[in-house]
Amino acid sequence: VRCVQETGLYLKISMKAESQINQLKWNYVNGYGERDRSKVTEQDVLSSLAFDQTGDYISVGDKGGRVILFKKSQGSKASGKAIDYAYFSEIQSHESEFDELKSVEIEEKINRIEWLNRHYKGLFMLTTNDKKIKLWKVFNKEEKKAYGFNLEGTGKGIKALKIPKIKKGGKAVTAQLKKTYQNGHDYHINSLSQCADNEHFLSADDMRVNIWNINISNEVYSAVDIPIENAEDISEVITSASFHPTDPNMFMFSSSKGVIKLCDFRVNSQYDKSSVDYALPEDTQKKNFFSEIINSISYACFAKNGNYMFSRDYITVKTWDIRKNKTPVTNLRLCSYLERKLCDLYESENIFDKFEISSSHDSQFMLTGSYSDSFHVVDRQGGSAVTLTASFDNPKGSYIGTYHTDMVKKPPTLPTFDFSRKVQQAIWHPNLNALAVANHNCLFVFNGTPVSYTHLT
């Protein structure tokens with residue numbers, strides 16, 4: 001038995017029963033963005049978020065087609081100062097376009113960002129809107145200026161002519177478009193994921209999962225292509241897709257039916273002959289009008305170690321062991337308090353909101369968002385969660401909820417719900433206990449520090 005020291009009090013906790021989530025204390029570090037929402041336009045709302053593989057850079061996409069880059073501040077180390085970021089650069093990745101063949105406008109909104117592993121000088125990342133994927137290279141370009149020109153009136157005769165010279169200036173951050181991948185999707189792209197072989201990546205829309213070679217933009221292989229006879233008869237769509245973090249032969253995708261399909265190219269190149277389904281059997285006694293909507297998986301991802309898959313639907317988060325597809329390891333009704341408001345949520349269309357989920361660097365925790373500026377850190381093993389806020393109204397990021405598990409009958413006590421203030425994108429640092437959380441037009445950074453323990457003899 002050991003004791004946790006809090007405000008001079010000692011609380012006995014069983015070593016076996018204690019959740020690992022209690023071993024981290026989350027602290028607000030910094031926030032970026034306009035605080036007055038009345039001055040924020042729809043184009044400024046953040047729509048995607050990604051760390052690079054080292055954690056040195058954060059990229060943020062918005063509905064205006066821009067990608068804003070943040071770089072880790074000097075002095076931010078794993079030990080010592082808090083991990084913080086500063087503005088680095090900005091790219092106008094996409095512009096709104098009009099599809100003449102289908103007579104529809106293609107928005108510039110950035111749906112997904114995927115950083116590529118570093119093997120060359122510069123930073124490479126994939127960005128996508130609804131239809132078009134772009135590969136960008138970001139690098140420091142040395143500025144050069146010419147001087148010593150022969151201006152009129154500065155001299156006469158051939159001997160007075162001067163040869164202009166080049167003077168090296170400082171370095172400027174430059175973004176260069178390297179490739180464009182298009183015409184591979186008929187529906188809106190919802191996922192990008194790089195393969196572990198560092199040569200391929202996948203993109204997914206409602207009906208298709210495509211595999212691209214990074215160096216070839218005019219060829220694509222459709223790993224999943226759900227046949228459609230009549231658009232009105234569509235009952236199931238793909239909601240997310242991702243490559244396995246270490247095995248280049250495996251990928252998974254989630255669906256609106258609450259199913260995760262794990263596919264292996266070594267078994268068969270056709271997904272319907274090689275996939276393993278991960279889903280709970282439907283409870284017919286609890287089925288109601290909202291069941292199909294709230295059971296739809298909004299996002300799923302692999303744990304960093306590749307042994308587990310995390311999924312998020314409207315109410316629950318689940319952990320699946322890829323070696324056991326019958327029952328999930330963890331099934332936490334994280335937002336069960338929303339079940340009392342399903343009618344209101346349906347009328348306001350908030351019930352269709354999609355919340356992403358992210359894995360911690362050690363695969364022990366999950367990170368996902370919610371309403372009222374809140375987000376959750378969930379323990380994979382203990383099935384418990386802690387709720388924090390990401391808002392300038394509460395800059396210290398103090399706790400607004402309590403540690404709770406799926407065994408608790410009463411929902412956690414939360415402030416008055418504000419369904420217009422929602423955290424849909426939140427990601428975990430790839431190597432450290434640090435979080436990046438997007439809320440409307442603002443980006444927030446949190447650091448996790450170990451809680452000090454006092455051992456009693």
# chains A, B, ... in the order shown; residues from 1 in each chain; ligands from 1
$ residues_around --residues "range 351-365 of chain A" --least-positions-apart "3" --cutoff "8 Å" --atoms "only C-alpha atoms" --output "mmCIF file with N, CA, C and O atoms, in the first residue's frame"
data_model
loop_
_atom_site.group_PDB
_atom_site.id
_atom_site.type_symbol
_atom_site.label_atom_id
_atom_site.label_comp_id
_atom_site.auth_asym_id
_atom_site.auth_seq_id
_atom_site.Cartn_x
_atom_site.Cartn_y
_atom_site.Cartn_z
ATOM 1 N N ILE A 21 -4.243 6.525 -14.282
ATOM 2 C CA ILE A 21 -4.598 7.888 -14.645
ATOM 3 C C ILE A 21 -4.357 8.842 -13.481
ATOM 4 O O ILE A 21 -4.141 10.041 -13.680
ATOM 5 N N ILE A 293 -27.612 6.020 -34.691
ATOM 6 C CA ILE A 293 -26.831 7.255 -34.773
ATOM 7 C C ILE A 293 -25.732 7.272 -33.726
ATOM 8 O O ILE A 293 -24.565 7.556 -34.027
ATOM 9 N N ILE A 294 -26.071 6.973 -32.478
ATOM 10 C CA ILE A 294 -25.088 7.091 -31.400
ATOM 11 C C ILE A 294 -24.100 5.919 -31.390
ATOM 12 O O ILE A 294 -23.027 6.040 -30.795
ATOM 13 N N SER A 298 -17.354 7.330 -34.749
ATOM 14 C CA SER A 298 -16.933 8.578 -35.378
ATOM 15 C C SER A 298 -15.460 8.554 -35.736
ATOM 16 O O SER A 298 -15.044 9.183 -36.724
ATOM 17 N N TYR A 299 -14.643 7.816 -34.961
ATOM 18 C CA TYR A 299 -13.220 7.740 -35.259
ATOM 19 C C TYR A 299 -12.626 6.539 -34.531
ATOM 20 O O TYR A 299 -13.064 6.178 -33.428
ATOM 21 N N ALA A 300 -11.645 5.905 -35.168
ATOM 22 C CA ALA A 300 -10.926 4.788 -34.565
ATOM 23 C C ALA A 300 -9.459 4.899 -34.935
ATOM 24 O O ALA A 300 -9.107 5.413 -36.002
ATOM 25 N N CYS A 301 -8.590 4.421 -34.051
ATOM 26 C CA CYS A 301 -7.149 4.484 -34.307
ATOM 27 C C CYS A 301 -6.464 3.313 -33.614
ATOM 28 O O CYS A 301 -7.018 2.692 -32.698
ATOM 29 N N PHE A 302 -5.259 3.008 -34.059
ATOM 30 C CA PHE A 302 -4.431 2.025 -33.392
ATOM 31 C C PHE A 302 -3.739 2.659 -32.190
ATOM 32 O O PHE A 302 -3.422 3.848 -32.199
ATOM 33 N N ALA A 303 -3.503 1.835 -31.168
ATOM 34 C CA ALA A 303 -2.595 2.265 -30.107
ATOM 35 C C ALA A 303 -1.185 2.326 -30.676
ATOM 36 O O ALA A 303 -0.878 1.681 -31.683
ATOM 37 N N LYS A 304 -0.322 3.094 -30.067
ATOM 38 C CA LYS A 304 1.021 3.280 -30.600
ATOM 39 C C LYS A 304 1.799 1.971 -30.681
ATOM 40 O O LYS A 304 2.640 1.796 -31.573
ATOM 41 N N ASN A 305 1.527 1.024 -29.770
ATOM 42 C CA ASN A 305 2.243 -0.247 -29.811
ATOM 43 C C ASN A 305 1.661 -1.220 -30.824
ATOM 44 O O ASN A 305 2.227 -2.288 -31.066
ATOM 45 N N PHE A 310 -8.443 1.729 -30.518
ATOM 46 C CA PHE A 310 -9.322 2.591 -29.740
ATOM 47 C C PHE A 310 -10.413 3.135 -30.664
ATOM 48 O O PHE A 310 -10.129 3.539 -31.793
ATOM 49 N N SER A 311 -11.641 3.162 -30.165
ATOM 50 C CA SER A 311 -12.741 3.700 -30.963
ATOM 51 C C SER A 311 -13.610 4.616 -30.121
ATOM 52 O O SER A 311 -13.703 4.446 -28.899
ATOM 53 N N ARG A 312 -14.231 5.571 -30.789
ATOM 54 C CA ARG A 312 -15.106 6.520 -30.111
ATOM 55 C C ARG A 312 -16.406 6.632 -30.887
ATOM 56 O O ARG A 312 -16.403 6.861 -32.103
ATOM 57 N N ASP A 313 -17.519 6.424 -30.213
ATOM 58 C CA ASP A 313 -18.814 6.773 -30.777
ATOM 59 C C ASP A 313 -19.381 7.917 -29.956
ATOM 60 O O ASP A 313 -18.664 8.535 -29.171
ATOM 61 N N TYR A 314 -20.652 8.210 -30.102
ATOM 62 C CA TYR A 314 -21.186 9.405 -29.456
ATOM 63 C C TYR A 314 -21.173 9.295 -27.934
ATOM 64 O O TYR A 314 -20.967 10.289 -27.237
ATOM 65 N N LEU A 342 -30.961 13.263 -25.692
ATOM 66 C CA LEU A 342 -30.882 12.838 -27.086
ATOM 67 C C LEU A 342 -31.925 13.519 -27.969
ATOM 68 O O LEU A 342 -31.646 13.848 -29.126
ATOM 69 N N LEU A 345 -30.674 16.972 -28.619
ATOM 70 C CA LEU A 345 -29.491 16.899 -29.464
ATOM 71 C C LEU A 345 -29.862 16.571 -30.907
ATOM 72 O O LEU A 345 -29.223 17.046 -31.847
ATOM 73 N N TYR A 346 -30.901 15.775 -31.085
ATOM 74 C CA TYR A 346 -31.338 15.431 -32.439
ATOM 75 C C TYR A 346 -31.963 16.640 -33.130
ATOM 76 O O TYR A 346 -31.712 16.893 -34.314
ATOM 77 N N SER A 348 -31.329 19.748 -32.571
ATOM 78 C CA SER A 348 -30.291 20.739 -32.876
ATOM 79 C C SER A 348 -29.216 20.192 -33.811
ATOM 80 O O SER A 348 -28.290 20.923 -34.172
ATOM 81 N N THR A 368 -9.908 12.129 -25.952
ATOM 82 C CA THR A 368 -11.052 12.444 -26.806
ATOM 83 C C THR A 368 -11.786 13.653 -26.253
ATOM 84 O O THR A 368 -11.619 14.008 -25.074
ATOM 85 N N GLY A 369 -12.587 14.299 -27.085
ATOM 86 C CA GLY A 369 -13.243 15.542 -26.703
ATOM 87 C C GLY A 369 -14.698 15.373 -26.332
ATOM 88 O O GLY A 369 -15.266 14.278 -26.392
ATOM 89 N N SER A 370 -15.320 16.505 -25.972
ATOM 90 C CA SER A 370 -16.720 16.503 -25.583
ATOM 91 C C SER A 370 -17.251 17.933 -25.695
ATOM 92 O O SER A 370 -16.640 18.790 -26.331
ATOM 93 N N VAL A 377 -9.302 12.358 -20.684
ATOM 94 C CA VAL A 377 -8.161 11.449 -20.727
ATOM 95 C C VAL A 377 -8.614 10.149 -20.085
ATOM 96 O O VAL A 377 -9.023 10.128 -18.923
ATOM 97 N N VAL A 378 -8.572 9.060 -20.854
ATOM 98 C CA VAL A 378 -9.149 7.789 -20.429
ATOM 99 C C VAL A 378 -8.049 6.758 -20.240
ATOM 100 O O VAL A 378 -7.159 6.607 -21.093
ATOM 101 N N ASP A 379 -8.107 6.035 -19.145
ATOM 102 C CA ASP A 379 -7.146 4.974 -18.852
ATOM 103 C C ASP A 379 -7.591 3.692 -19.552
ATOM 104 O O ASP A 379 -8.708 3.221 -19.340
ATOM 105 N N ARG A 380 -6.719 3.136 -20.372
ATOM 106 C CA ARG A 380 -7.076 1.924 -21.114
ATOM 107 C C ARG A 380 -7.275 0.732 -20.186
ATOM 108 O O ARG A 380 -8.180 -0.084 -20.389
ATOM 109 N N GLN A 381 -6.467 0.601 -19.170
ATOM 110 C CA GLN A 381 -6.531 -0.576 -18.305
ATOM 111 C C GLN A 381 -7.582 -0.432 -17.205
ATOM 112 O O GLN A 381 -8.362 -1.339 -16.963
ATOM 113 N N VAL A 423 -15.085 20.315 -28.197
ATOM 114 C CA VAL A 423 -13.715 19.931 -28.537
ATOM 115 C C VAL A 423 -13.808 18.655 -29.363
ATOM 116 O O VAL A 423 -14.107 17.583 -28.826
ATOM 117 N N GLN A 424 -13.551 18.750 -30.664
ATOM 118 C CA GLN A 424 -13.660 17.592 -31.548
ATOM 119 C C GLN A 424 -12.304 17.031 -31.955
ATOM 120 O O GLN A 424 -12.219 15.877 -32.358
ATOM 121 N N GLN A 425 -11.252 17.851 -31.883
ATOM 122 C CA GLN A 425 -9.911 17.378 -32.214
ATOM 123 C C GLN A 425 -8.992 17.546 -31.011
ATOM 124 O O GLN A 425 -8.899 18.640 -30.439
ATOM 125 N N ALA A 426 -8.345 16.470 -30.640
ATOM 126 C CA ALA A 426 -7.363 16.492 -29.555
ATOM 127 C C ALA A 426 -6.362 15.373 -29.817
ATOM 128 O O ALA A 426 -6.758 14.250 -30.135
ATOM 129 N N ILE A 427 -5.070 15.674 -29.713
ATOM 130 C CA ILE A 427 -4.045 14.684 -30.027
ATOM 131 C C ILE A 427 -2.995 14.645 -28.930
ATOM 132 O O ILE A 427 -2.774 15.615 -28.215
ATOM 133 N N TRP A 428 -2.355 13.479 -28.827
ATOM 134 C CA TRP A 428 -1.334 13.243 -27.814
ATOM 135 C C TRP A 428 0.041 13.345 -28.461
ATOM 136 O O TRP A 428 0.251 12.884 -29.582
ATOM 137 N N HIS A 429 0.990 13.944 -27.738
ATOM 138 C CA HIS A 429 2.376 14.032 -28.202
ATOM 139 C C HIS A 429 2.903 12.619 -28.488
ATOM 140 O O HIS A 429 2.634 11.682 -27.732
ATOM 141 N N PRO A 430 3.661 12.411 -29.581
ATOM 142 C CA PRO A 430 4.101 11.051 -29.940
ATOM 143 C C PRO A 430 5.111 10.441 -28.985
ATOM 144 O O PRO A 430 5.304 9.212 -29.000
ATOM 145 N N ASN A 431 5.754 11.238 -28.130
ATOM 146 C CA ASN A 431 6.805 10.699 -27.271
ATOM 147 C C ASN A 431 6.686 11.093 -25.805
ATOM 148 O O ASN A 431 7.340 10.484 -24.967
ATOM 149 N N LEU A 432 5.883 12.110 -25.494
ATOM 150 C CA LEU A 432 5.835 12.643 -24.139
ATOM 151 C C LEU A 432 4.389 12.824 -23.685
ATOM 152 O O LEU A 432 3.449 12.684 -24.475
ATOM 153 N N ASN A 433 4.231 13.146 -22.415
ATOM 154 C CA ASN A 433 2.906 13.418 -21.865
ATOM 155 C C ASN A 433 2.555 14.893 -22.094
ATOM 156 O O ASN A 433 2.677 15.730 -21.205
#
$ closest_residue --among "A:Phe444, A:Thr128, A:Tyr271, A:Ile166" --to "Ile226 in chain A" --atoms "only C-alpha atoms"
A:Tyr271
$ closest_residue --among "A:Val40, A:Leu24, A:Ile322, A:Ala385" --to "Phe446 in chain A" --atoms "only C-alpha atoms"
A:Leu24
$ closest_residue --among "A:Ser291, A:Ser89, A:Ser254, A:Asn249" --to "Ser274 in chain A" --atoms "only C-alpha atoms"
A:Asn249
$ residues_around --residues "Ile113 in chain A" --least-positions-apart "2" --cutoff "9 Å" --atoms "only C-alpha atoms" --output "list in words"
Ser48, Leu49, Ala50, Ser59, Val60, Gly61, Val67, Ile110, Asn111, Trp115, Met125, Leu126, Thr127, Thr128, Ser191, Leu192 and Ser193 of chain A
$ atom_distance --atom1 "CA of Asp130 in chain A" --atom2 "CA of Ile189 in chain A"
5.0 Å
$ residues_around --residues "Ser275 in chain A" --least-positions-apart "5" --cutoff "8 Å" --atoms "only C-alpha atoms" --output "number ranges by chain"
A: 261-264
$ write_last_selection --atoms "N, CA, C and O atoms" --output "compact mmCIF listing (two decimals), in the first residue's frame"
# COMPACT_ATOMS: atom_id res chain seq x y z
N LYS A 261 -13.17 -3.09 -38.94
CA LYS A 261 -12.68 -4.19 -39.76
C LYS A 261 -11.16 -4.10 -39.86
O LYS A 261 -10.63 -3.09 -40.32
N LEU A 262 -10.48 -5.14 -39.42
CA LEU A 262 -9.02 -5.23 -39.50
C LEU A 262 -8.65 -6.09 -40.70
O LEU A 262 -9.05 -7.26 -40.78
N CYS A 263 -7.90 -5.53 -41.63
CA CYS A 263 -7.57 -6.20 -42.88
C CYS A 263 -6.07 -6.49 -42.95
O CYS A 263 -5.25 -5.71 -42.45
N ASP A 264 -5.73 -7.61 -43.61
CA ASP A 264 -4.34 -8.03 -43.75
C ASP A 264 -4.10 -8.42 -45.20
O ASP A 264 -4.70 -9.38 -45.70
$ closest_residue --among "A:Cys195, A:Ala82, A:Ile228, A:Leu123" --to "Ala175 in chain A" --atoms "only C-alpha atoms"
A:Leu123
$ residues_around --residues "range 208-221 of chain A" --least-positions-apart "2" --cutoff "10 Å" --atoms "only C-alpha atoms" --output "PDB file with N, CA and C atoms, in the first residue's frame"
ATOM      1  N   LEU A 116       4.706  13.069 -42.785  1.00  0.00           N
ATOM      2  CA  LEU A 116       5.483  11.932 -43.261  1.00  0.00           C
ATOM      3  C   LEU A 116       6.764  11.816 -42.448  1.00  0.00           C
ATOM      4  N   LEU A 126       1.079  15.657 -45.713  1.00  0.00           N
ATOM      5  CA  LEU A 126      -0.067  15.518 -46.600  1.00  0.00           C
ATOM      6  C   LEU A 126      -1.229  16.296 -46.016  1.00  0.00           C
ATOM      7  N   ILE A 133      -5.822  15.696 -52.418  1.00  0.00           N
ATOM      8  CA  ILE A 133      -4.747  15.512 -51.451  1.00  0.00           C
ATOM      9  C   ILE A 133      -3.491  16.179 -51.999  1.00  0.00           C
ATOM     10  N   LYS A 134      -2.779  16.906 -51.136  1.00  0.00           N
ATOM     11  CA  LYS A 134      -1.561  17.589 -51.562  1.00  0.00           C
ATOM     12  C   LYS A 134      -0.394  17.209 -50.664  1.00  0.00           C
ATOM     13  N   LEU A 135       0.788  17.082 -51.283  1.00  0.00           N
ATOM     14  CA  LEU A 135       2.023  16.825 -50.553  1.00  0.00           C
ATOM     15  C   LEU A 135       2.848  18.109 -50.530  1.00  0.00           C
ATOM     16  N   LYS A 178       4.691  19.688 -53.758  1.00  0.00           N
ATOM     17  CA  LYS A 178       5.456  18.672 -54.477  1.00  0.00           C
ATOM     18  C   LYS A 178       4.571  17.791 -55.366  1.00  0.00           C
ATOM     19  N   LYS A 179       3.422  17.373 -54.856  1.00  0.00           N
ATOM     20  CA  LYS A 179       2.537  16.511 -55.640  1.00  0.00           C
ATOM     21  C   LYS A 179       1.083  16.766 -55.258  1.00  0.00           C
ATOM     22  N   THR A 180       0.189  16.427 -56.206  1.00  0.00           N
ATOM     23  CA  THR A 180      -1.250  16.510 -55.967  1.00  0.00           C
ATOM     24  C   THR A 180      -1.878  15.174 -56.351  1.00  0.00           C
ATOM     25  N   TYR A 181      -2.630  14.591 -55.420  1.00  0.00           N
ATOM     26  CA  TYR A 181      -3.307  13.313 -55.648  1.00  0.00           C
ATOM     27  C   TYR A 181      -4.803  13.608 -55.740  1.00  0.00           C
ATOM     28  N   GLN A 182      -5.382  13.353 -56.905  1.00  0.00           N
ATOM     29  CA  GLN A 182      -6.792  13.687 -57.105  1.00  0.00           C
ATOM     30  C   GLN A 182      -7.484  12.639 -57.962  1.00  0.00           C
ATOM     31  N   ASN A 183      -8.793  12.809 -58.106  1.00  0.00           N
ATOM     32  CA  ASN A 183      -9.649  11.922 -58.911  1.00  0.00           C
ATOM     33  C   ASN A 183      -9.694  10.501 -58.361  1.00  0.00           C
ATOM     34  N   GLY A 184      -9.384  10.333 -57.087  1.00  0.00           N
ATOM     35  CA  GLY A 184      -9.437   9.004 -56.494  1.00  0.00           C
ATOM     36  C   GLY A 184     -10.648   8.777 -55.617  1.00  0.00           C
ATOM     37  N   HIS A 185     -11.426   9.840 -55.382  1.00  0.00           N
ATOM     38  CA  HIS A 185     -12.565   9.717 -54.468  1.00  0.00           C
ATOM     39  C   HIS A 185     -13.799  10.404 -55.040  1.00  0.00           C
ATOM     40  N   ASP A 186     -14.935   9.741 -54.874  1.00  0.00           N
ATOM     41  CA  ASP A 186     -16.216  10.316 -55.280  1.00  0.00           C
ATOM     42  C   ASP A 186     -16.935  10.975 -54.107  1.00  0.00           C
ATOM     43  N   TYR A 187     -16.536  10.602 -52.897  1.00  0.00           N
ATOM     44  CA  TYR A 187     -17.149  11.161 -51.689  1.00  0.00           C
ATOM     45  C   TYR A 187     -16.087  11.926 -50.892  1.00  0.00           C
ATOM     46  N   ILE A 189     -13.317  12.959 -48.463  1.00  0.00           N
ATOM     47  CA  ILE A 189     -12.202  12.266 -47.809  1.00  0.00           C
ATOM     48  C   ILE A 189     -12.247  12.542 -46.311  1.00  0.00           C
ATOM     49  N   SER A 191     -10.008  10.497 -44.052  1.00  0.00           N
ATOM     50  CA  SER A 191      -8.835   9.928 -43.376  1.00  0.00           C
ATOM     51  C   SER A 191      -7.602   9.971 -44.260  1.00  0.00           C
ATOM     52  N   LEU A 192      -6.456  10.151 -43.617  1.00  0.00           N
ATOM     53  CA  LEU A 192      -5.139   9.995 -44.222  1.00  0.00           C
ATOM     54  C   LEU A 192      -4.268   9.244 -43.230  1.00  0.00           C
ATOM     55  N   SER A 193      -3.452   8.306 -43.720  1.00  0.00           N
ATOM     56  CA  SER A 193      -2.579   7.567 -42.822  1.00  0.00           C
ATOM     57  C   SER A 193      -1.385   7.040 -43.596  1.00  0.00           C
ATOM     58  N   GLN A 194      -0.182   7.258 -43.064  1.00  0.00           N
ATOM     59  CA  GLN A 194       1.023   6.777 -43.721  1.00  0.00           C
ATOM     60  C   GLN A 194       1.287   5.332 -43.348  1.00  0.00           C
ATOM     61  N   CYS A 195       1.791   4.563 -44.314  1.00  0.00           N
ATOM     62  CA  CYS A 195       2.130   3.163 -44.094  1.00  0.00           C
ATOM     63  C   CYS A 195       3.471   3.063 -43.380  1.00  0.00           C
ATOM     64  N   ASN A 198       6.854   3.564 -45.177  1.00  0.00           N
ATOM     65  CA  ASN A 198       7.234   4.941 -45.532  1.00  0.00           C
ATOM     66  C   ASN A 198       7.176   5.215 -47.034  1.00  0.00           C
ATOM     67  N   GLU A 199       6.536   4.329 -47.803  1.00  0.00           N
ATOM     68  CA  GLU A 199       6.424   4.512 -49.242  1.00  0.00           C
ATOM     69  C   GLU A 199       4.980   4.728 -49.694  1.00  0.00           C
ATOM     70  N   HIS A 200       4.035   4.350 -48.853  1.00  0.00           N
ATOM     71  CA  HIS A 200       2.629   4.425 -49.229  1.00  0.00           C
ATOM     72  C   HIS A 200       1.828   5.144 -48.154  1.00  0.00           C
ATOM     73  N   PHE A 201       0.650   5.568 -48.527  1.00  0.00           N
ATOM     74  CA  PHE A 201      -0.317   6.099 -47.567  1.00  0.00           C
ATOM     75  C   PHE A 201      -1.710   5.756 -48.060  1.00  0.00           C
ATOM     76  N   LEU A 202      -2.654   5.771 -47.160  1.00  0.00           N
ATOM     77  CA  LEU A 202      -4.047   5.503 -47.524  1.00  0.00           C
ATOM     78  C   LEU A 202      -4.879   6.760 -47.347  1.00  0.00           C
ATOM     79  N   SER A 203      -5.931   6.818 -48.111  1.00  0.00           N
ATOM     80  CA  SER A 203      -6.961   7.849 -47.961  1.00  0.00           C
ATOM     81  C   SER A 203      -8.306   7.153 -48.024  1.00  0.00           C
ATOM     82  N   ALA A 204      -9.261   7.665 -47.280  1.00  0.00           N
ATOM     83  CA  ALA A 204     -10.568   7.002 -47.208  1.00  0.00           C
ATOM     84  C   ALA A 204     -11.683   8.018 -47.329  1.00  0.00           C
ATOM     85  N   ASP A 205     -12.769   7.597 -47.980  1.00  0.00           N
ATOM     86  CA  ASP A 205     -14.005   8.369 -47.991  1.00  0.00           C
ATOM     87  C   ASP A 205     -15.138   7.464 -47.525  1.00  0.00           C
ATOM     88  N   ASP A 206     -16.372   7.837 -47.776  1.00  0.00           N
ATOM     89  CA  ASP A 206     -17.511   7.079 -47.256  1.00  0.00           C
ATOM     90  C   ASP A 206     -17.588   5.653 -47.792  1.00  0.00           C
ATOM     91  N   ALA A 223      -8.192  -0.532 -52.049  1.00  0.00           N
ATOM     92  CA  ALA A 223      -8.185  -1.694 -51.158  1.00  0.00           C
ATOM     93  C   ALA A 223      -9.591  -2.039 -50.682  1.00  0.00           C
ATOM     94  N   VAL A 224     -10.425  -1.026 -50.529  1.00  0.00           N
ATOM     95  CA  VAL A 224     -11.833  -1.219 -50.147  1.00  0.00           C
ATOM     96  C   VAL A 224     -12.673  -0.386 -51.094  1.00  0.00           C
ATOM     97  N   ASP A 225     -13.626  -1.032 -51.732  1.00  0.00           N
ATOM     98  CA  ASP A 225     -14.526  -0.328 -52.645  1.00  0.00           C
ATOM     99  C   ASP A 225     -15.912  -0.947 -52.506  1.00  0.00           C
ATOM    100  N   ILE A 226     -16.720  -0.329 -51.662  1.00  0.00           N
ATOM    101  CA  ILE A 226     -18.063  -0.863 -51.400  1.00  0.00           C
ATOM    102  C   ILE A 226     -18.953  -0.560 -52.593  1.00  0.00           C
ATOM    103  N   PRO A 227     -19.502  -1.594 -53.228  1.00  0.00           N
ATOM    104  CA  PRO A 227     -20.339  -1.358 -54.416  1.00  0.00           C
ATOM    105  C   PRO A 227     -21.640  -0.633 -54.073  1.00  0.00           C
ATOM    106  N   VAL A 237     -21.494   3.416 -44.057  1.00  0.00           N
ATOM    107  CA  VAL A 237     -20.402   4.176 -44.669  1.00  0.00           C
ATOM    108  C   VAL A 237     -19.151   4.033 -43.827  1.00  0.00           C
ATOM    109  N   ILE A 238     -18.010   4.282 -44.462  1.00  0.00           N
ATOM    110  CA  ILE A 238     -16.727   4.261 -43.770  1.00  0.00           C
ATOM    111  C   ILE A 238     -16.534   5.599 -43.061  1.00  0.00           C
ATOM    112  N   SER A 240     -13.665   6.165 -40.755  1.00  0.00           N
ATOM    113  CA  SER A 240     -12.246   6.450 -40.569  1.00  0.00           C
ATOM    114  C   SER A 240     -11.447   5.236 -41.016  1.00  0.00           C
ATOM    115  N   ALA A 241     -10.159   5.443 -41.270  1.00  0.00           N
ATOM    116  CA  ALA A 241      -9.268   4.348 -41.676  1.00  0.00           C
ATOM    117  C   ALA A 241      -7.854   4.693 -41.259  1.00  0.00           C
ATOM    118  N   SER A 242      -7.054   3.648 -40.996  1.00  0.00           N
ATOM    119  CA  SER A 242      -5.685   3.887 -40.529  1.00  0.00           C
ATOM    120  C   SER A 242      -4.822   2.666 -40.784  1.00  0.00           C
ATOM    121  N   MET A 252      -6.935  -0.865 -40.865  1.00  0.00           N
ATOM    122  CA  MET A 252      -8.294  -1.046 -40.354  1.00  0.00           C
ATOM    123  C   MET A 252      -9.150   0.138 -40.772  1.00  0.00           C
ATOM    124  N   PHE A 253     -10.451  -0.103 -40.799  1.00  0.00           N
ATOM    125  CA  PHE A 253     -11.389   0.994 -41.023  1.00  0.00           C
ATOM    126  C   PHE A 253     -12.637   0.754 -40.194  1.00  0.00           C
TER     127      PHE A 253
END
$ select_by_dssp --residues "range 242-424 of chain A" --states "strand (DSSP E)" --output "PyMOL selection string"
chain A and resi 242-243+250-255+260-264+276-278+299-302+308-312+317-321+330-332+357-359+365-369+374-379+384-389+404-405
$ closest_residue --among "A:Leu280, A:Ala146, A:Ile234, A:Leu46" --to "Arg112 in chain A" --atoms "only C-alpha atoms"
A:Leu46
$ residues_around --residues "Glu108 in chain A" --least-positions-apart "6" --cutoff "7 Å" --atoms "only C-alpha atoms" --output "MDAnalysis selection string"
chainID A and resid 63:65 94:96 129
$ write_last_selection --atoms "N, CA and C atoms" --output "short mmCIF file (atom, residue, chain, number, x, y, z; two decimals), in the first residue's frame"
data_model
loop_
_atom_site.label_atom_id
_atom_site.label_comp_id
_atom_site.auth_asym_id
_atom_site.auth_seq_id
_atom_site.Cartn_x
_atom_site.Cartn_y
_atom_site.Cartn_z
N LYS A 63 -11.01 25.84 -41.61
CA LYS A 63 -12.02 25.78 -42.66
C LYS A 63 -11.72 26.73 -43.82
N GLY A 64 -10.73 27.58 -43.66
CA GLY A 64 -10.33 28.48 -44.73
C GLY A 64 -9.26 27.90 -45.63
N GLY A 65 -8.92 26.62 -45.44
CA GLY A 65 -7.92 25.97 -46.27
C GLY A 65 -6.50 26.26 -45.86
N HIS A 94 -5.30 24.82 -49.55
CA HIS A 94 -6.37 24.57 -50.50
C HIS A 94 -7.20 25.83 -50.72
N GLU A 95 -7.76 25.92 -51.89
CA GLU A 95 -8.70 26.98 -52.26
C GLU A 95 -10.02 26.34 -52.65
N SER A 96 -11.09 27.08 -52.50
CA SER A 96 -12.39 26.57 -52.92
C SER A 96 -12.41 26.42 -54.45
N ASN A 129 -8.57 18.27 -48.56
CA ASN A 129 -9.92 18.76 -48.36
C ASN A 129 -10.87 17.63 -48.75
#
$ residues_around --residues "Ser255 in chain A" --least-positions-apart "5" --cutoff "7 Å" --atoms "only C-alpha atoms" --output "list in words"
Glu236, Val237, Ile238, Thr239, Ile260, Ser296 and Ile297 of chain A
